[in-house]
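Novice: Contents of start.csv (CSV, C-alpha atoms and all ligand atoms) are below:
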chain,number,residue,atom,x,y,z
A,1,MET,CA,220.4,-104.9,79.2
A,2,THR,CA,223.6,-103.6,80.7
A,3,GLU,CA,226.2,-106.3,80.8
A,4,ALA,CA,229.0,-105.7,83.3
A,5,ILE,CA,232.6,-106.3,82.4
A,6,LEU,CA,234.4,-109.2,84.0
A,7,PRO,CA,236.7,-108.8,87.0
A,8,TRP,CA,239.8,-109.4,84.9
A,9,GLN,CA,238.9,-106.7,82.3
A,10,VAL,CA,239.2,-103.6,84.4
A,11,SER,CA,242.5,-102.4,83.0
A,12,GLN,CA,241.2,-102.7,79.4
A,13,TRP,CA,238.1,-100.9,80.3
A,14,GLN,CA,240.0,-98.1,82.0
A,15,GLN,CA,242.3,-97.8,79.0
A,16,LEU,CA,239.3,-97.3,76.6
A,17,ALA,CA,237.3,-95.0,79.0
A,18,GLY,CA,240.5,-92.9,79.5
A,19,ALA,CA,241.0,-92.7,75.7
A,20,ASP,CA,237.4,-91.7,75.2
A,21,SER,CA,237.4,-88.9,77.8
A,22,GLU,CA,240.5,-87.5,76.2
A,23,GLY,CA,238.9,-87.7,72.7
A,24,ARG,CA,241.4,-90.3,71.5
A,25,LEU,CA,239.2,-93.3,71.2
A,26,GLY,CA,239.9,-94.9,67.7
A,27,HIS,CA,237.1,-95.3,65.3
A,28,ALA,CA,238.0,-99.0,65.0
A,29,LEU,CA,239.0,-101.2,67.9
A,30,LEU,CA,240.4,-104.7,67.8
A,31,LEU,CA,239.7,-106.8,70.8
A,32,SER,CA,241.9,-109.9,70.6
A,33,GLY,CA,242.9,-112.8,72.8
A,34,PRO,CA,242.1,-116.5,73.4
A,35,GLY,CA,238.4,-117.6,73.0
A,36,GLY,CA,236.4,-118.2,76.1
A,37,ILE,CA,237.7,-115.4,78.3
A,38,GLY,CA,234.8,-112.9,77.8
A,39,LYS,CA,235.9,-110.6,75.0
A,40,LEU,CA,232.4,-110.6,73.4
A,41,ARG,CA,230.8,-109.7,76.8
A,42,PHE,CA,233.3,-106.9,77.1
A,43,ALA,CA,232.4,-105.7,73.6
A,44,ARG,CA,228.6,-105.7,74.4
A,45,ALA,CA,229.2,-103.7,77.6
A,46,LEU,CA,231.3,-101.3,75.5
A,47,MET,CA,228.6,-101.0,72.8
A,48,ALA,CA,226.0,-100.1,75.5
A,49,TRP,CA,228.3,-97.6,77.1
A,50,LEU,CA,229.2,-95.9,73.9
A,51,VAL,CA,225.5,-95.1,73.1
A,52,CYS,CA,224.4,-94.5,76.7
A,53,GLU,CA,223.0,-91.1,77.4
A,54,GLN,CA,224.5,-90.9,80.9
A,55,PRO,CA,227.6,-93.2,80.7
A,56,GLN,CA,229.1,-94.1,84.1
A,57,ASN,CA,232.7,-94.9,84.9
A,58,GLN,CA,232.1,-98.6,85.0
A,59,GLY,CA,229.6,-98.9,82.2
A,60,ALA,CA,226.2,-97.9,80.8
A,61,CYS,CA,223.7,-96.3,83.2
A,62,GLY,CA,221.1,-99.0,82.6
A,63,LYS,CA,218.3,-96.4,82.9
A,64,CYS,CA,218.3,-94.1,79.9
A,65,ARG,CA,216.3,-94.6,76.7
A,66,SER,CA,219.4,-96.0,74.8
A,67,CYS,CA,220.0,-98.5,77.6
A,68,HIS,CA,216.3,-99.4,77.7
A,69,TYR,CA,216.5,-100.6,74.0
A,70,GLY,CA,219.5,-102.9,74.8
A,71,LEU,CA,220.8,-104.6,71.7
A,72,ASP,CA,217.6,-103.5,69.8
A,73,ASN,CA,218.9,-100.0,69.9
A,74,PRO,CA,218.9,-98.8,66.2
A,75,ASP,CA,222.4,-97.3,66.6
A,76,LEU,CA,223.9,-100.7,67.5
A,77,HIS,CA,224.6,-103.3,64.8
A,78,ILE,CA,226.1,-106.8,65.1
A,79,ILE,CA,227.7,-108.5,62.2
A,80,GLU,CA,228.3,-112.2,62.7
A,81,PRO,CA,228.1,-115.3,60.5
A,82,PRO,CA,224.5,-116.2,59.6
A,83,GLU,CA,223.1,-119.1,61.6
A,84,GLY,CA,224.7,-122.4,60.7
A,85,LYS,CA,227.6,-120.7,58.9
A,86,LYS,CA,231.1,-119.9,60.0
A,87,GLN,CA,231.9,-117.1,57.6
A,88,ILE,CA,230.6,-113.5,57.4
A,89,ALA,CA,229.1,-112.8,54.0
A,90,VAL,CA,230.4,-110.0,51.9
A,91,ASP,CA,226.8,-108.5,51.7
A,92,GLN,CA,226.7,-108.2,55.4
A,93,VAL,CA,229.8,-106.0,55.3
A,94,ARG,CA,228.4,-104.0,52.4
A,95,GLU,CA,225.4,-103.2,54.6
A,96,LEU,CA,227.9,-101.9,57.2
A,97,VAL,CA,229.6,-99.7,54.6
A,98,ALA,CA,226.1,-98.2,53.8
A,99,LEU,CA,225.3,-97.8,57.5
A,100,SER,CA,228.5,-95.9,58.3
A,101,THR,CA,227.3,-93.1,55.9
A,102,GLN,CA,224.1,-92.5,57.8
A,103,THR,CA,223.8,-90.4,60.9
A,104,ALA,CA,223.0,-91.9,64.3
A,105,HIS,CA,219.3,-92.1,65.3
A,106,ARG,CA,220.0,-90.3,68.6
A,107,SER,CA,220.9,-86.7,67.8
A,108,GLY,CA,224.6,-86.2,68.4
A,109,GLY,CA,225.0,-89.8,69.4
A,110,ARG,CA,227.2,-92.6,68.0
A,111,LYS,CA,226.6,-95.7,66.0
A,112,VAL,CA,228.5,-98.8,67.0
A,113,VAL,CA,229.1,-101.9,64.8
A,114,LEU,CA,230.4,-105.1,66.3
A,115,VAL,CA,232.0,-107.6,63.9
A,116,HIS,CA,232.4,-111.0,65.6
A,117,PRO,CA,234.4,-113.0,65.0
A,118,ALA,CA,236.4,-110.7,62.8
A,119,ASP,CA,238.5,-113.6,61.5
A,120,ALA,CA,235.4,-115.1,60.0
A,121,MET,CA,235.9,-112.7,57.0
A,122,ASN,CA,237.5,-114.0,53.9
A,123,ALA,CA,239.7,-111.8,51.6
A,124,ASN,CA,236.7,-110.3,49.7
A,125,THR,CA,234.8,-109.5,52.9
A,126,ALA,CA,237.8,-108.1,54.6
A,127,ASN,CA,238.5,-105.9,51.6
A,128,ALA,CA,234.9,-104.6,51.7
A,129,LEU,CA,235.4,-103.7,55.4
A,130,LEU,CA,238.7,-101.9,54.6
A,131,LYS,CA,236.6,-99.3,52.7
A,132,THR,CA,234.9,-98.4,55.9
A,133,LEU,CA,238.1,-98.3,57.8
A,134,GLU,CA,239.7,-96.1,55.2
A,135,GLU,CA,236.9,-93.6,55.1
A,136,PRO,CA,235.7,-93.5,58.8
A,137,SER,CA,232.6,-91.5,59.5
A,138,GLY,CA,233.1,-89.5,62.7
A,139,ASP,CA,230.2,-90.9,64.7
A,140,THR,CA,230.8,-94.6,64.0
A,141,VAL,CA,232.8,-96.9,66.2
A,142,LEU,CA,233.7,-100.3,64.8
A,143,ILE,CA,234.5,-103.1,67.3
A,144,LEU,CA,236.3,-106.1,65.9
A,145,VAL,CA,236.5,-109.2,68.1
A,146,SER,CA,239.0,-111.9,67.2
A,147,ASN,CA,240.5,-115.0,68.8
A,148,GLU,CA,243.0,-115.2,66.0
A,149,PRO,CA,244.1,-111.7,65.0
A,150,ALA,CA,247.0,-113.2,63.0
A,151,ARG,CA,244.4,-114.4,60.5
A,152,LEU,CA,243.1,-110.9,59.8
A,153,LEU,CA,244.5,-108.9,56.9
A,154,PRO,CA,247.5,-106.9,58.1
A,155,THR,CA,245.9,-103.8,56.6
A,156,ILE,CA,242.9,-104.3,58.8
A,157,ARG,CA,245.0,-104.8,62.0
A,158,SER,CA,247.0,-101.7,61.3
A,159,ARG,CA,243.9,-99.5,61.0
A,160,CYS,CA,242.6,-100.6,64.4
A,161,GLN,CA,243.4,-99.5,67.9
A,162,GLN,CA,244.5,-102.8,69.4
A,163,LEU,CA,243.3,-104.0,72.8
A,164,PRO,CA,244.8,-107.3,73.8
A,165,PHE,CA,243.1,-109.6,76.3
A,166,PRO,CA,245.5,-112.1,77.8
A,167,THR,CA,244.3,-115.3,79.7
A,168,PRO,CA,243.0,-113.9,83.0
A,169,ASN,CA,244.7,-114.1,86.3
A,170,ALA,CA,244.0,-117.6,87.7
A,171,SER,CA,242.7,-116.5,91.1
A,172,LEU,CA,240.3,-113.9,89.6
A,173,ALA,CA,239.1,-116.5,87.1
A,174,LEU,CA,238.6,-119.1,89.8
A,175,ASP,CA,236.6,-116.8,92.1
A,176,TRP,CA,234.3,-115.9,89.2
A,177,LEU,CA,233.9,-119.5,88.1
A,178,LYS,CA,233.1,-120.7,91.6
A,179,MET,CA,229.9,-118.6,91.6
A,180,SER,CA,228.4,-120.8,88.8
A,181,VAL,CA,230.1,-124.1,89.5
A,182,GLY,CA,229.7,-124.0,93.3
A,183,ASP,CA,232.4,-126.5,94.3
A,184,ALA,CA,235.9,-125.1,94.5
A,185,ALA,CA,237.8,-128.2,93.5
A,186,LEU,CA,235.4,-128.8,90.5
A,187,ALA,CA,235.8,-125.2,89.4
A,188,GLU,CA,239.6,-125.7,89.5
A,189,THR,CA,239.4,-128.8,87.4
A,190,CYS,CA,237.1,-127.1,84.9
A,191,LEU,CA,239.4,-124.1,84.7
A,192,ARG,CA,242.5,-126.3,84.1
A,193,GLU,CA,240.7,-128.4,81.5
A,194,ALA,CA,239.8,-125.1,79.7
A,195,GLY,CA,243.4,-123.9,79.7
A,196,GLY,CA,242.7,-121.1,82.2
A,197,ARG,CA,239.8,-119.6,80.1
A,198,PRO,CA,236.9,-119.0,82.6
A,199,LEU,CA,234.0,-118.8,80.1
A,200,ALA,CA,235.2,-121.8,78.3
A,201,ALA,CA,235.4,-123.6,81.7
A,202,GLN,CA,231.8,-122.6,82.4
A,203,VAL,CA,230.6,-124.0,79.1
A,204,LEU,CA,232.6,-127.3,79.8
A,205,PHE,CA,230.8,-127.4,83.2
A,206,GLU,CA,227.3,-126.7,81.9
A,207,ASN,CA,227.6,-129.2,79.0
A,208,ASP,CA,229.0,-132.0,81.1
A,209,GLY,CA,232.2,-131.6,79.1
A,210,LEU,CA,234.4,-133.1,81.9
A,211,ALA,CA,232.6,-136.5,81.7
A,212,ALA,CA,232.8,-136.4,77.9
A,213,ARG,CA,236.6,-135.7,78.0
A,214,GLU,CA,237.1,-138.5,80.5
A,215,ARG,CA,235.4,-140.8,78.1
A,216,CYS,CA,237.8,-139.8,75.3
A,217,ASP,CA,240.7,-140.3,77.7
A,218,SER,CA,239.6,-143.7,78.8
A,219,LEU,CA,238.9,-144.9,75.2
A,220,LEU,CA,242.4,-143.8,74.2
A,221,GLN,CA,243.9,-145.4,77.2
A,222,ALA,CA,242.1,-148.7,76.5
A,223,TRP,CA,243.4,-148.6,73.0
A,224,ALA,CA,246.9,-147.9,74.1
A,225,ALA,CA,246.7,-150.8,76.5
A,226,GLY,CA,245.5,-153.1,73.7
A,227,GLU,CA,242.1,-153.6,75.4
A,228,GLN,CA,240.1,-152.1,72.5
A,229,SER,CA,240.6,-152.1,68.7
A,230,LEU,CA,240.7,-148.9,66.6
A,231,SER,CA,237.2,-149.5,65.3
A,232,GLN,CA,235.9,-150.0,68.9
A,233,VAL,CA,237.5,-146.7,69.9
A,234,ILE,CA,235.9,-144.9,66.9
A,235,ASP,CA,232.6,-146.5,67.7
A,236,GLY,CA,233.0,-145.3,71.3
A,237,LEU,CA,233.5,-141.8,70.0
A,238,LYS,CA,230.5,-141.7,67.7
A,239,GLU,CA,228.5,-139.3,70.0
A,240,VAL,CA,231.4,-136.9,70.2
A,241,GLU,CA,231.3,-133.7,68.0
A,242,LEU,CA,234.3,-133.2,65.9
A,243,ASP,CA,235.2,-129.8,67.3
A,244,PHE,CA,234.9,-131.1,70.9
A,245,TYR,CA,237.2,-134.0,69.9
A,246,LEU,CA,239.8,-131.7,68.3
A,247,GLU,CA,239.6,-129.3,71.3
A,248,TRP,CA,240.1,-132.2,73.8
A,249,PHE,CA,243.0,-133.7,71.7
A,250,ALA,CA,244.7,-130.2,71.3
A,251,HIS,CA,244.4,-129.5,75.0
A,252,ARG,CA,245.9,-132.9,76.0
A,253,ILE,CA,248.7,-132.6,73.5
A,254,HIS,CA,249.6,-129.1,74.6
A,255,ALA,CA,249.8,-130.2,78.2
A,256,LEU,CA,251.9,-133.2,77.2
A,257,LEU,CA,254.3,-131.1,75.2
A,258,VAL,CA,254.7,-128.5,77.9
A,259,ALA,CA,255.4,-131.3,80.4
A,260,VAL,CA,257.9,-133.1,78.1
A,261,MET,CA,259.8,-129.8,77.5
A,262,ALA,CA,259.8,-128.8,81.2
A,263,GLU,CA,260.3,-132.4,82.4
A,264,GLN,CA,257.5,-132.2,84.9
A,265,SER,CA,254.2,-134.0,84.7
A,266,ASP,CA,251.8,-132.2,87.1
A,267,ASP,CA,249.3,-131.0,84.5
A,268,VAL,CA,249.3,-134.1,82.4
A,269,ASN,CA,246.1,-136.1,82.6
A,270,ALA,CA,246.7,-139.6,84.3
A,271,ALA,CA,245.7,-141.4,81.1
A,272,TRP,CA,248.4,-139.5,79.2
A,273,GLN,CA,251.3,-140.0,81.6
A,274,ARG,CA,252.4,-143.1,79.6
A,275,TRP,CA,253.5,-140.8,76.8
A,276,LEU,CA,255.8,-138.5,78.7
A,277,ASP,CA,258.7,-140.3,77.1
A,278,ARG,CA,257.7,-139.5,73.5
A,279,PRO,CA,260.2,-137.4,71.6
A,280,PRO,CA,259.2,-133.7,71.5
A,281,ALA,CA,259.8,-133.4,67.8
A,282,ALA,CA,257.3,-136.2,67.1
A,283,ILE,CA,254.7,-134.6,69.4
A,284,LEU,CA,255.2,-131.2,67.8
A,285,SER,CA,254.7,-132.5,64.3
A,286,PHE,CA,251.5,-134.3,65.4
A,287,GLN,CA,250.4,-131.1,67.1
A,288,LYS,CA,250.8,-129.2,63.9
A,289,GLN,CA,248.6,-131.6,62.0
A,290,LEU,CA,246.0,-131.4,64.8
A,291,LEU,CA,246.0,-127.6,64.9
A,292,ASP,CA,245.7,-127.4,61.1
A,293,LEU,CA,242.7,-129.6,61.2
A,294,ARG,CA,241.2,-127.6,64.0
A,295,ALA,CA,241.7,-124.3,62.1
A,296,GLN,CA,240.0,-125.8,59.0
A,297,VAL,CA,237.0,-126.8,61.1
A,298,GLN,CA,236.9,-123.3,62.7
A,299,ARG,CA,236.9,-121.8,59.2
A,300,GLY,CA,233.9,-123.9,58.3
A,301,VAL,CA,235.6,-126.5,56.1
A,302,ALA,CA,233.3,-129.5,56.1
A,303,LEU,CA,235.7,-132.4,57.1
A,304,ASN,CA,234.5,-136.0,57.2
A,305,ARG,CA,234.1,-136.6,60.9
A,306,GLN,CA,235.0,-140.3,61.1
A,307,LEU,CA,237.9,-140.0,58.7
A,308,THR,CA,239.3,-137.1,60.6
A,309,ILE,CA,239.0,-138.9,64.0
A,310,GLU,CA,240.5,-142.1,62.5
A,311,SER,CA,243.5,-140.4,60.7
A,312,LEU,CA,244.4,-138.5,63.9
A,313,LEU,CA,244.3,-141.6,66.0
A,314,LEU,CA,246.5,-143.4,63.4
A,315,SER,CA,249.0,-140.4,63.4
A,316,TRP,CA,249.0,-140.5,67.2
A,317,ALA,CA,249.7,-144.2,67.0
A,318,MET,CA,252.8,-143.5,64.9
A,319,VAL,CA,254.1,-141.1,67.6
A,320,CYS,CA,253.6,-143.8,70.2
A,321,SER,CA,254.6,-146.9,68.1
A,322,SER,CA,258.3,-146.9,68.8
A,323,ALA,CA,257.8,-146.8,72.5
A,324,ASN,CA,256.9,-149.4,75.0
A,325,ALA,CA,253.2,-148.3,74.7
A,326,GLY,CA,252.2,-150.9,72.1
A,327,LEU,CA,249.3,-149.4,70.2
A,328,GLY,CA,247.5,-151.9,68.1
A,329,VAL,CA,245.6,-150.9,65.0
A,401,ZN,ZN,222.2,-95.4,79.7
If you convert what's in this file into structure tokens, what do you get?

Specialist:
Amino acid sequence: MTEAILPWQVSQWQQLAGADSEGRLGHALLLSGPGGIGKLRFARALMAWLVCEQPQNQGACGKCRSCHYGLDNPDLHIIEPPEGKKQIAVDQVRELVALSTQTAHRSGGRKVVLVHPADAMNANTANALLKTLEEPSGDTVLILVSNEPARLLPTIRSRCQQLPFPTPNASLALDWLKMSVGDAALAETCLREAGGRPLAAQVLFENDGLAARERCDSLLQAWAAGEQSLSQVIDGLKEVELDFYLEWFAHRIHALLVAVMAEQSDDVNAAWQRWLDRPPAAILSFQKQLLDLRAQVQRGVALNRQLTIESLLLSWAMVCSSANAGLGV
């Protein structure tokens, strides 16, 4: 295993490598930025590099004993929610506290602990982690990865060396995506649908996400045009996962809102152009409701799938109802 960093992560890498060579690498790092841009991949490359016996400028050597073990290296630990769960358990963090008091297996080497996603810790778990952050052991580096650092305890954020990852440069992202998608125009569509996040675009491509989104768009359009009833639309959406649906809706609403504010419609999906005349305040308030629901799902709250889909469609109908777009319920 030696994962390479992605082309848009060079400056973050240089920043950390430079800090390490000058002995000012923090014992806790917080890698933050939107999901689907490769932070986890960067974190894995960093883990390998930190325990590599002959680290190179651009990453781990790939040849030494530490590299040979890959993620099975006993000095590397990954803390993530157990399978099927969205939250990290407090016991997992207690294990980490115990680990940080032991010395590394490789003499004179480091131990690295990755916590991913760091915002999957509740207050109890985060408080247990704080203990480690307050009493750092010299040879342990803690890497926290978060899509939503605002959800972390401020006391955790303030104890970490922060490394922000913005949405990558579009042309770098597109060049990279073209290697797996092949077709340039298709890669561009996938990247736009994923809001400029290349790894999210790749997932969309691999899982046939574009077709699924088109299906959601055409169902909504058919409903708006009075060609389908609400129950037909809900029935048509029965194969769609709730998080996919919320992601699709959030993406469309964001593009619509940006277009309404900027009075331009280039990035608005054709099926959504009919709503460019909706008042921004109404769209904003709907967006808040949508993002709250999405945050609940991301936190692992078990929402009733059908009720959530239905209530959002009805709220959206309210935003549309005073317009010429006659949405029938
Ligand atoms: Zn190595």

Novice: Mind checking which residues fall within 8 Å of Trp272 of chain A, counting all atoms listed in the file, ignoring those fewer than 4 positions away in the same chain, and posting them as a count of residues only?

Specialist: 6

Novice: Please identify all protein, DNA and RNA residues within 10 Å of ligand ZN 401 (chain A), counting only C-alpha atoms and all ligand atoms, and report them as a list in words.

Specialist: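 Checked against 10 Å with only C-alpha atoms and all ligand atoms; the hits are Met1, Thr2, Ala48, Trp49, Leu50, Val51, Cys52, Glu53, Gln54, Pro55, Gln56, Gly59, Ala60, Cys61, Gly62, Lys63, Cys64, Arg65, Ser66, Cys67, His68, Tyr69 and Gly70 of chain A.
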
Novice: Give as a VMD selection string the set of residues within 12 Å of the point (262.6, -132.8, 80.1), where distances use the file's coordinates and all atoms listed in the file.

Specialist: chain A and resid 256 to 265 276 to 280

Novice: Could those selected residues go to a file with C-alpha atoms, as a PDB file, in the coordinates of the input?

Specialist:
ATOM      1  CA  LEU A 256     251.900-133.200  77.200  1.00  0.00           C
ATOM      2  CA  LEU A 257     254.300-131.100  75.200  1.00  0.00           C
ATOM      3  CA  VAL A 258     254.700-128.500  77.900  1.00  0.00           C
ATOM      4  CA  ALA A 259     255.400-131.300  80.400  1.00  0.00           C
ATOM      5  CA  VAL A 260     257.900-133.100  78.100  1.00  0.00           C
ATOM      6  CA  MET A 261     259.800-129.800  77.500  1.00  0.00           C
ATOM      7  CA  ALA A 262     259.800-128.800  81.200  1.00  0.00           C
ATOM      8  CA  GLU A 263     260.300-132.400  82.400  1.00  0.00           C
ATOM      9  CA  GLN A 264     257.500-132.200  84.900  1.00  0.00           C
ATOM     10  CA  SER A 265     254.200-134.000  84.700  1.00  0.00           C
ATOM     11  CA  LEU A 276     255.800-138.500  78.700  1.00  0.00           C
ATOM     12  CA  ASP A 277     258.700-140.300  77.100  1.00  0.00           C
ATOM     13  CA  ARG A 278     257.700-139.500  73.500  1.00  0.00           C
ATOM     14  CA  PRO A 279     260.200-137.400  71.600  1.00  0.00           C
ATOM     15  CA  PRO A 280     259.200-133.700  71.500  1.00  0.00           C
TER      16      PRO A 280
END

Novice: Between A:Asn147, A:Asn122, A:Ser218, A:Ser21, single out the one closest to Ala270 of chain A, counting all atoms listed in the file.

Specialist: A:Ser218

Novice: Determine, counting all atoms listed in the file, which protein, DNA and RNA residues have an atom within 8 Å of an atom of His251 of chain A; residues of the same chain fewer than 4 positions away are not included. Present the result as a list in words.

Specialist: Glu193, Ala194, Gly195, Glu247 and Ala255 of chain A

Novice: A:Gln87, A:Asn169, A:Gln161, A:Gln228: which is nearest Leu30 of chain A, counting all atoms listed in the file?

Specialist: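 Closest to Leu30 of chain A of all the choices is A:Gln161.
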
Novice: From the list A:Leu76, A:Leu129, A:Leu230, A:Ala250, which residue is nearest Val90 of chain A when using all atoms listed in the file?

Specialist: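 Smallest distance to Val90 of chain A is found for A:Leu129.
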
Novice: Between atom CA of Asp183 of chain A and atom CA of Ala170 of chain A, what is the spacing in Å?

Specialist: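 These two atoms are separated by 16.0 Å.
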
Novice: With a distance cut-off of 7 Å and only C-alpha atoms, select the neighbouring residues of Val319 of chain A, excluding the residue or stretch itself and same-chain residues fewer than 4 positions from it, and output the selection as a list of chain:residue names.

Specialist: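 So, after excluding close chain neighbours, the residues are A:Ala282, A:Ile283, A:Ser315.
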
Novice: How about completing segment 17-44 of chain A with N, CA and C atoms and giving it to me as a CSV table (one decimal), in the frame of the given file?

Specialist:
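This went into result-v3.csv:
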chain,number,residue,atom,x,y,z
A,17,ALA,N,238.1,-96.1,78.4
A,17,ALA,CA,237.3,-95.0,79.0
A,17,ALA,C,238.2,-93.8,79.1
A,18,GLY,N,239.5,-94.0,79.4
A,18,GLY,CA,240.5,-92.9,79.5
A,18,GLY,C,240.7,-92.3,78.1
A,19,ALA,N,240.8,-93.1,77.1
A,19,ALA,CA,241.0,-92.7,75.7
A,19,ALA,C,239.8,-91.9,75.3
A,20,ASP,N,238.6,-92.3,75.6
A,20,ASP,CA,237.4,-91.7,75.2
A,20,ASP,C,237.3,-90.3,75.8
A,21,SER,N,237.6,-90.2,77.1
A,21,SER,CA,237.4,-88.9,77.8
A,21,SER,C,238.4,-87.9,77.3
A,22,GLU,N,239.5,-88.4,76.7
A,22,GLU,CA,240.5,-87.5,76.2
A,22,GLU,C,240.3,-87.3,74.6
A,23,GLY,N,239.2,-87.9,74.1
A,23,GLY,CA,238.9,-87.7,72.7
A,23,GLY,C,239.9,-88.5,71.8
A,24,ARG,N,240.6,-89.5,72.4
A,24,ARG,CA,241.4,-90.3,71.5
A,24,ARG,C,241.0,-91.7,71.3
A,25,LEU,N,239.7,-92.0,71.4
A,25,LEU,CA,239.2,-93.3,71.2
A,25,LEU,C,239.2,-93.5,69.6
A,26,GLY,N,239.8,-94.6,69.2
A,26,GLY,CA,239.9,-94.9,67.7
A,26,GLY,C,238.5,-95.1,67.2
A,27,HIS,N,238.4,-95.0,65.9
A,27,HIS,CA,237.1,-95.3,65.3
A,27,HIS,C,236.9,-96.8,65.0
A,28,ALA,N,238.1,-97.5,65.1
A,28,ALA,CA,238.0,-99.0,65.0
A,28,ALA,C,238.9,-99.6,66.1
A,29,LEU,N,238.3,-100.5,66.8
A,29,LEU,CA,239.0,-101.2,67.9
A,29,LEU,C,239.1,-102.7,67.6
A,30,LEU,N,240.2,-103.2,67.9
A,30,LEU,CA,240.4,-104.7,67.8
A,30,LEU,C,240.6,-105.3,69.1
A,31,LEU,N,239.6,-106.1,69.6
A,31,LEU,CA,239.7,-106.8,70.8
A,31,LEU,C,240.2,-108.2,70.5
A,32,SER,N,241.4,-108.5,71.0
A,32,SER,CA,241.9,-109.9,70.6
A,32,SER,C,242.4,-110.6,71.8
A,33,GLY,N,242.5,-111.9,71.7
A,33,GLY,CA,242.9,-112.8,72.8
A,33,GLY,C,242.2,-114.1,72.6
A,34,PRO,N,242.6,-115.1,73.5
A,34,PRO,CA,242.1,-116.5,73.4
A,34,PRO,C,240.5,-116.5,73.5
A,35,GLY,N,239.9,-117.4,72.9
A,35,GLY,CA,238.4,-117.6,73.0
A,35,GLY,C,238.1,-118.0,74.4
A,36,GLY,N,236.8,-117.7,74.8
A,36,GLY,CA,236.4,-118.2,76.1
A,36,GLY,C,236.9,-117.4,77.3
A,37,ILE,N,237.3,-116.2,77.1
A,37,ILE,CA,237.7,-115.4,78.3
A,37,ILE,C,236.8,-114.1,78.4
A,38,GLY,N,235.8,-114.0,77.6
A,38,GLY,CA,234.8,-112.9,77.8
A,38,GLY,C,235.0,-111.6,76.9
A,39,LYS,N,235.7,-111.8,75.8
A,39,LYS,CA,235.9,-110.6,75.0
A,39,LYS,C,234.5,-110.1,74.4
A,40,LEU,N,233.7,-111.0,74.0
A,40,LEU,CA,232.4,-110.6,73.4
A,40,LEU,C,231.5,-109.9,74.5
A,41,ARG,N,231.6,-110.4,75.7
A,41,ARG,CA,230.8,-109.7,76.8
A,41,ARG,C,231.3,-108.3,77.0
A,42,PHE,N,232.7,-108.2,77.0
A,42,PHE,CA,233.3,-106.9,77.1
A,42,PHE,C,232.8,-106.0,76.0
A,43,ALA,N,232.8,-106.5,74.7
A,43,ALA,CA,232.4,-105.7,73.6
A,43,ALA,C,230.9,-105.3,73.7
A,44,ARG,N,230.1,-106.1,74.2
A,44,ARG,CA,228.6,-105.7,74.4
A,44,ARG,C,228.5,-104.6,75.4
